[in-house]
>>> print(open('final01.csv').read())   # CSV, C-alpha atoms
chain,number,residue,atom,x,y,z
A,1,MET,CA,144.8,120.8,105.5
A,2,LYS,CA,142.1,121.4,103.0
A,3,ALA,CA,142.0,119.9,99.6
A,4,ILE,CA,139.7,120.1,96.5
A,5,LYS,CA,138.0,116.8,95.6
A,6,GLU,CA,136.4,116.6,92.2
A,7,LYS,CA,133.0,114.9,92.3
A,8,HIS,CA,130.8,115.7,89.3
A,9,SER,CA,131.8,116.5,85.7
A,10,LEU,CA,130.4,119.5,83.8
A,11,ALA,CA,128.3,117.1,81.5
A,12,MET,CA,126.8,115.4,84.5
A,13,ARG,CA,125.9,118.7,86.1
A,14,TRP,CA,124.5,120.1,82.9
A,15,CYS,CA,122.2,117.1,82.3
A,16,HIS,CA,121.1,117.1,85.9
A,17,TRP,CA,120.2,120.8,86.2
A,18,VAL,CA,118.7,121.0,82.7
A,19,ASN,CA,116.5,118.0,83.4
A,20,PHE,CA,115.1,119.5,86.5
A,21,PRO,CA,113.1,122.4,84.9
A,22,ILE,CA,112.2,120.2,81.9
A,23,LEU,CA,110.8,117.5,84.0
A,24,THR,CA,108.9,120.0,86.1
A,25,ILE,CA,107.3,121.5,83.0
A,26,MET,CA,106.5,118.0,81.7
A,27,ILE,CA,104.8,117.0,84.9
A,28,TRP,CA,102.8,120.2,85.2
A,29,SER,CA,101.7,120.2,81.5
A,30,GLY,CA,100.9,116.5,81.7
A,31,MET,CA,98.7,117.1,84.7
A,32,LEU,CA,96.9,119.8,82.7
A,33,ILE,CA,96.2,117.2,80.1
A,34,TYR,CA,95.0,114.7,82.6
A,35,TRP,CA,92.8,117.1,84.5
A,36,ALA,CA,90.9,117.7,81.3
A,37,SER,CA,89.7,114.1,81.6
A,38,ASP,CA,90.1,113.1,85.2
A,39,ILE,CA,89.0,109.5,85.0
A,40,TYR,CA,91.1,107.7,87.6
A,41,SER,CA,89.6,106.9,90.9
A,42,ILE,CA,88.9,104.0,93.3
A,43,THR,CA,85.3,103.0,92.8
A,44,LEU,CA,83.5,100.0,94.2
A,45,PHE,CA,79.9,99.1,93.7
A,46,GLY,CA,79.1,102.5,92.2
A,47,HIS,CA,80.7,104.5,95.1
A,48,THR,CA,83.9,106.5,94.6
A,49,TYR,CA,86.1,106.2,97.6
A,50,PHE,CA,89.1,108.1,96.3
A,51,LYS,CA,89.7,110.6,93.6
A,52,PHE,CA,93.1,112.3,93.0
A,53,PHE,CA,92.0,115.9,93.0
A,54,PRO,CA,88.9,117.6,94.8
A,55,ASN,CA,86.7,120.1,93.0
A,56,TRP,CA,88.1,123.1,94.8
A,57,PHE,CA,91.5,122.3,93.3
A,58,TYR,CA,90.1,122.5,89.8
A,59,ASP,CA,88.3,125.8,90.5
A,60,ALA,CA,91.4,127.4,92.1
A,61,PHE,CA,93.6,126.8,89.1
A,62,ASN,CA,91.0,127.1,86.4
A,63,ILE,CA,92.2,123.7,85.2
A,64,PRO,CA,89.3,122.5,82.9
A,65,LYS,CA,90.0,125.3,80.5
A,66,ARG,CA,93.8,124.7,80.0
A,67,LEU,CA,93.9,121.5,77.9
A,68,ALA,CA,95.4,123.2,74.8
A,69,GLU,CA,98.0,124.9,76.9
A,70,GLY,CA,99.0,121.6,78.5
A,71,MET,CA,99.3,119.8,75.2
A,72,ALA,CA,101.3,122.6,73.6
A,73,PHE,CA,103.9,122.6,76.5
A,74,HIS,CA,104.0,118.8,76.8
A,75,PHE,CA,104.5,118.0,73.2
A,76,LEU,CA,107.2,120.7,72.9
A,77,PHE,CA,109.3,119.9,76.0
A,78,MET,CA,109.0,116.1,75.5
A,79,TRP,CA,111.7,116.5,72.8
A,80,PHE,CA,114.0,118.4,75.2
A,81,PHE,CA,113.4,115.7,77.8
A,82,THR,CA,114.3,113.0,75.2
A,83,ILE,CA,117.4,114.8,73.9
A,84,ASN,CA,118.8,115.5,77.3
A,85,GLY,CA,118.2,111.9,78.3
A,86,VAL,CA,120.0,110.6,75.2
A,87,VAL,CA,123.0,113.0,75.9
A,88,TYR,CA,123.2,111.8,79.5
A,89,ILE,CA,123.2,108.1,78.6
A,90,LEU,CA,125.8,108.6,75.8
A,91,TYR,CA,128.0,110.5,78.1
A,92,THR,CA,127.9,107.9,80.9
A,93,LEU,CA,128.6,105.1,78.3
A,94,PHE,CA,131.6,106.7,76.6
A,95,SER,CA,133.1,108.3,79.7
A,96,GLY,CA,132.8,105.1,81.7
A,97,GLU,CA,130.7,106.9,84.3
A,98,TRP,CA,128.2,104.1,84.1
A,99,ARG,CA,130.5,102.0,86.3
A,100,GLN,CA,129.7,104.3,89.2
A,101,LEU,CA,126.0,104.2,88.5
A,102,VAL,CA,125.0,100.6,87.7
A,103,PRO,CA,124.2,98.5,90.8
A,104,LYS,CA,126.7,95.8,91.7
A,105,ARG,CA,126.0,92.3,92.9
A,106,ASN,CA,125.7,93.2,96.5
A,107,SER,CA,124.1,96.6,96.0
A,108,PHE,CA,120.6,95.5,97.1
A,109,LYS,CA,122.0,94.2,100.4
A,110,GLU,CA,124.0,97.3,101.0
A,111,ALA,CA,121.1,99.5,100.0
A,112,TRP,CA,119.1,98.1,102.9
A,113,GLN,CA,122.0,99.0,105.2
A,114,VAL,CA,122.1,102.5,103.8
A,115,ILE,CA,118.4,102.9,104.6
A,116,LEU,CA,118.9,101.6,108.2
A,117,HIS,CA,121.8,104.1,108.5
A,118,ASP,CA,119.7,107.0,107.3
A,119,LEU,CA,116.9,106.0,109.8
A,120,HIS,CA,119.6,106.1,112.5
A,121,ILE,CA,119.0,102.4,113.2
A,122,ARG,CA,122.4,101.3,112.0
A,123,LYS,CA,125.4,103.3,113.3
A,124,MET,CA,127.9,102.6,110.5
A,125,ALA,CA,127.1,103.1,106.8
A,126,PRO,CA,128.4,100.6,104.3
A,127,PRO,CA,131.5,101.6,102.3
A,128,GLN,CA,130.9,103.5,99.1
A,129,ASN,CA,132.8,105.2,96.3
A,130,LYS,CA,131.1,108.1,94.5
A,131,TYR,CA,127.6,106.8,95.0
A,132,ASN,CA,126.3,104.4,97.7
A,133,ALA,CA,124.3,101.3,96.8
A,134,ALA,CA,120.9,103.0,97.3
A,135,GLN,CA,121.9,105.8,95.0
A,136,ARG,CA,123.1,103.4,92.4
A,137,ILE,CA,119.7,101.6,92.4
A,138,ALA,CA,117.7,104.8,92.4
A,139,TYR,CA,119.6,106.5,89.6
A,140,THR,CA,119.4,103.3,87.5
A,141,VAL,CA,115.7,103.0,88.1
A,142,ILE,CA,115.1,106.6,87.1
A,143,ILE,CA,116.8,106.0,83.8
A,144,ILE,CA,114.6,103.0,83.1
A,145,MET,CA,111.6,105.1,84.1
A,146,GLY,CA,112.7,107.7,81.5
A,147,PHE,CA,112.7,105.0,78.8
A,148,GLY,CA,109.2,104.0,80.1
A,149,SER,CA,107.9,107.5,79.9
A,150,LEU,CA,109.2,107.9,76.4
A,151,ILE,CA,107.7,104.7,75.1
A,152,THR,CA,104.3,105.2,76.8
A,153,GLY,CA,104.3,108.9,75.9
A,154,LEU,CA,104.8,108.1,72.2
A,155,ALA,CA,102.1,105.4,72.4
A,156,ILE,CA,99.6,108.0,73.7
A,157,TYR,CA,100.8,110.8,71.4
A,158,LYS,CA,100.6,108.8,68.2
A,159,PRO,CA,98.9,105.4,68.9
A,160,VAL,CA,98.6,104.6,65.2
A,161,GLN,CA,102.0,105.7,64.0
A,162,PHE,CA,103.7,104.1,67.0
A,163,ASN,CA,101.4,101.1,67.1
A,164,THR,CA,104.2,98.8,68.1
A,165,PHE,CA,104.8,100.8,71.3
A,166,THR,CA,101.1,100.9,71.9
A,167,TRP,CA,101.0,97.1,71.6
A,168,LEU,CA,104.0,96.7,73.9
A,169,CYS,CA,102.2,98.8,76.5
A,170,GLY,CA,99.1,96.7,76.3
A,171,GLY,CA,97.0,99.2,74.4
A,172,TYR,CA,96.2,102.9,74.5
A,173,HIS,CA,94.4,102.9,77.9
A,174,ALA,CA,97.1,100.8,79.5
A,175,ALA,CA,99.8,103.1,78.2
A,176,ARG,CA,98.0,106.1,79.7
A,177,ILE,CA,97.8,104.4,83.1
A,178,GLU,CA,101.4,103.4,82.9
A,179,HIS,CA,102.4,107.0,81.9
A,180,PHE,CA,100.4,108.3,84.9
A,181,VAL,CA,102.0,105.9,87.3
A,182,LEU,CA,105.5,106.8,86.1
A,183,THR,CA,104.7,110.5,86.7
A,184,ILE,CA,103.8,109.7,90.3
A,185,GLY,CA,107.1,107.8,90.5
A,186,TYR,CA,109.0,111.0,89.4
A,187,VAL,CA,107.2,113.1,92.1
A,188,LEU,CA,108.1,110.5,94.8
A,189,PHE,CA,111.7,110.3,93.6
A,190,PHE,CA,112.0,114.1,93.6
A,191,ILE,CA,110.7,114.4,97.2
A,192,ILE,CA,113.1,111.6,98.4
A,193,HIS,CA,115.9,113.2,96.5
A,194,VAL,CA,115.4,116.6,98.0
A,195,VAL,CA,115.2,115.1,101.5
A,196,GLN,CA,118.4,113.2,101.0
A,197,VAL,CA,120.2,116.4,99.7
A,198,VAL,CA,119.1,118.3,102.8
A,199,LEU,CA,120.3,115.5,105.1
A,200,ALA,CA,123.6,115.3,103.2
A,201,GLY,CA,124.3,119.0,103.9
A,202,TRP,CA,125.3,122.1,102.1
A,203,ARG,CA,128.7,120.9,100.8
A,204,ASN,CA,127.0,118.0,99.0
A,205,PHE,CA,124.6,120.4,97.3
A,206,GLN,CA,127.3,122.9,96.5
A,207,SER,CA,129.3,120.1,94.7
A,208,ALA,CA,126.4,119.4,92.4
A,209,ILE,CA,126.8,123.1,91.2
A,210,THR,CA,130.5,123.6,91.2
A,211,GLY,CA,131.6,120.0,90.5
A,212,PHE,CA,134.0,119.8,93.4
A,213,GLU,CA,134.0,119.7,97.2
A,214,VAL,CA,136.5,121.1,99.7
A,215,VAL,CA,137.5,118.4,102.2
A,216,ASN,CA,139.8,118.2,105.1
A,217,ASP,CA,142.8,116.1,104.0
A,218,GLN,CA,144.8,114.8,106.9
A,219,PRO,CA,148.4,114.3,106.0
A,220,LYS,CA,149.7,110.8,106.7
A,221,LYS,CA,152.4,110.5,109.3
A,222,ILE,CA,155.6,108.9,108.0
A,223,ILE,CA,157.0,106.5,110.6
A,224,LYS,CA,160.7,105.8,110.1
A,225,PRO,CA,161.8,102.3,110.9
A,226,VAL,CA,164.1,102.1,113.9
A,227,SER,CA,167.4,100.5,113.0
A,228,ASP,CA,169.2,98.3,115.5
A,229,GLU,CA,172.4,99.8,116.6
A,230,LYS,CA,175.3,97.5,117.4
>>> encode(input="final01.csv", output="structure tokens")
Amino acid sequence: MKAIKEKHSLAMRWCHWVNFPILTIMIWSGMLIYWASDIYSITLFGHTYFKFFPNWFYDAFNIPKRLAEGMAFHFLFMWFFTINGVVYILYTLFSGEWRQLVPKRNSFKEAWQVILHDLHIRKMAPPQNKYNAAQRIAYTVIIIMGFGSLITGLAIYKPVQFNTFTWLCGGYHAARIEHFVLTIGYVLFFIIHVVQVVLAGWRNFQSAITGFEVVNDQPKKIIKPVSDEK
């Protein structure tokens, strides 16, 4: 017997799917800004051992000439990113959804068991409710990263006006490095997230769109007690 199981509310789905294109545009426009001054590399004794992007990459996308475009998109969509994040946090707080997201006392131990299960090293996955322990940690970390991107972004955007944020980040150049590292973190999270969605199957992905999942609900057998006949 099939039954409908509700999984994700409309607000959660809205924030999730709105955030995806916004974050994509933010990363792309941010990289256009970075590519205009590509200063990060691993250099020892005057020799550069590693640089993030080769010269052919710049030539293929005509990157050095797109600084103004990158700044225009980045400084516009950063407000959409912030508003969507604030709406998401307020919803989780007032709806009580945060109880499903915040890691519990034993979440870090269970997260390791989830990883072993995903790698097919452990046969049985630890028990879970709506999200498993690894998801709780990952989704909480991504919210903290969002705060970090907002603070470091404002420190770079207006270092004088937001001098307190700039000071908290350790200065303008430190804020820029931290902002860049957070961007790499988003890309890694996105890759892992997509892989996990593929492994979870189509029904899990469909529930993120529709908000519900069709499951096989086995009816429980009712066992009548046998009475002693005299």
>>> residues_around(input="final01.csv", residues="stretch 98-108 of chain A", least_positions_apart="5", cutoff="8 Å", atoms="all atoms listed in the file", output="MDAnalysis selection string")
chainID A and resid 92:93 129:131 133:137 139:140
>>> residues_around(input="final01.csv", residues="stretch 166-175 of chain A", least_positions_apart="4", cutoff="6 Å", atoms="all atoms listed in the file", output="count of residues only")
4
>>> atom_distance(input="final01.csv", atom1="atom CA of A:Ile42", atom2="atom CA of A:Leu188")
20.3 Å
>>> atom_distance(input="final01.csv", atom1="atom CA of A:Ile184", atom2="atom CA of A:Leu67")
19.8 Å
>>> closest_residue(input="final01.csv", among="A:Ile39, A:Ala125, A:Ile25, A:Val87", to="A:Lys51", atoms="all atoms listed in the file")
A:Ile39
>>> atom_distance(input="final01.csv", atom1="atom CA of A:Phe180", atom2="atom CA of A:Gly30")
8.8 Å
>>> closest_residue(input="final01.csv", among="A:Asn132, A:Leu23, A:Ala68, A:Met31", to="A:Asp118", atoms="all atoms listed in the file")
A:Asn132
>>> residues_around(input="final01.csv", residues="A:Tyr58", least_positions_apart="4", cutoff="12 Å", atoms="all atoms listed in the file", output="mmCIF file with C-alpha atoms, in the frame of the given file")
data_model
loop_
_atom_site.group_PDB
_atom_site.id
_atom_site.type_symbol
_atom_site.label_atom_id
_atom_site.label_comp_id
_atom_site.auth_asym_id
_atom_site.auth_seq_id
_atom_site.Cartn_x
_atom_site.Cartn_y
_atom_site.Cartn_z
ATOM 1 C CA MET A 31 98.700 117.100 84.700
ATOM 2 C CA LEU A 32 96.900 119.800 82.700
ATOM 3 C CA TYR A 34 95.000 114.700 82.600
ATOM 4 C CA TRP A 35 92.800 117.100 84.500
ATOM 5 C CA ALA A 36 90.900 117.700 81.300
ATOM 6 C CA SER A 37 89.700 114.100 81.600
ATOM 7 C CA ASP A 38 90.100 113.100 85.200
ATOM 8 C CA PHE A 52 93.100 112.300 93.000
ATOM 9 C CA PHE A 53 92.000 115.900 93.000
ATOM 10 C CA PRO A 54 88.900 117.600 94.800
ATOM 11 C CA ASN A 62 91.000 127.100 86.400
ATOM 12 C CA ILE A 63 92.200 123.700 85.200
ATOM 13 C CA PRO A 64 89.300 122.500 82.900
ATOM 14 C CA LYS A 65 90.000 125.300 80.500
ATOM 15 C CA ARG A 66 93.800 124.700 80.000
#
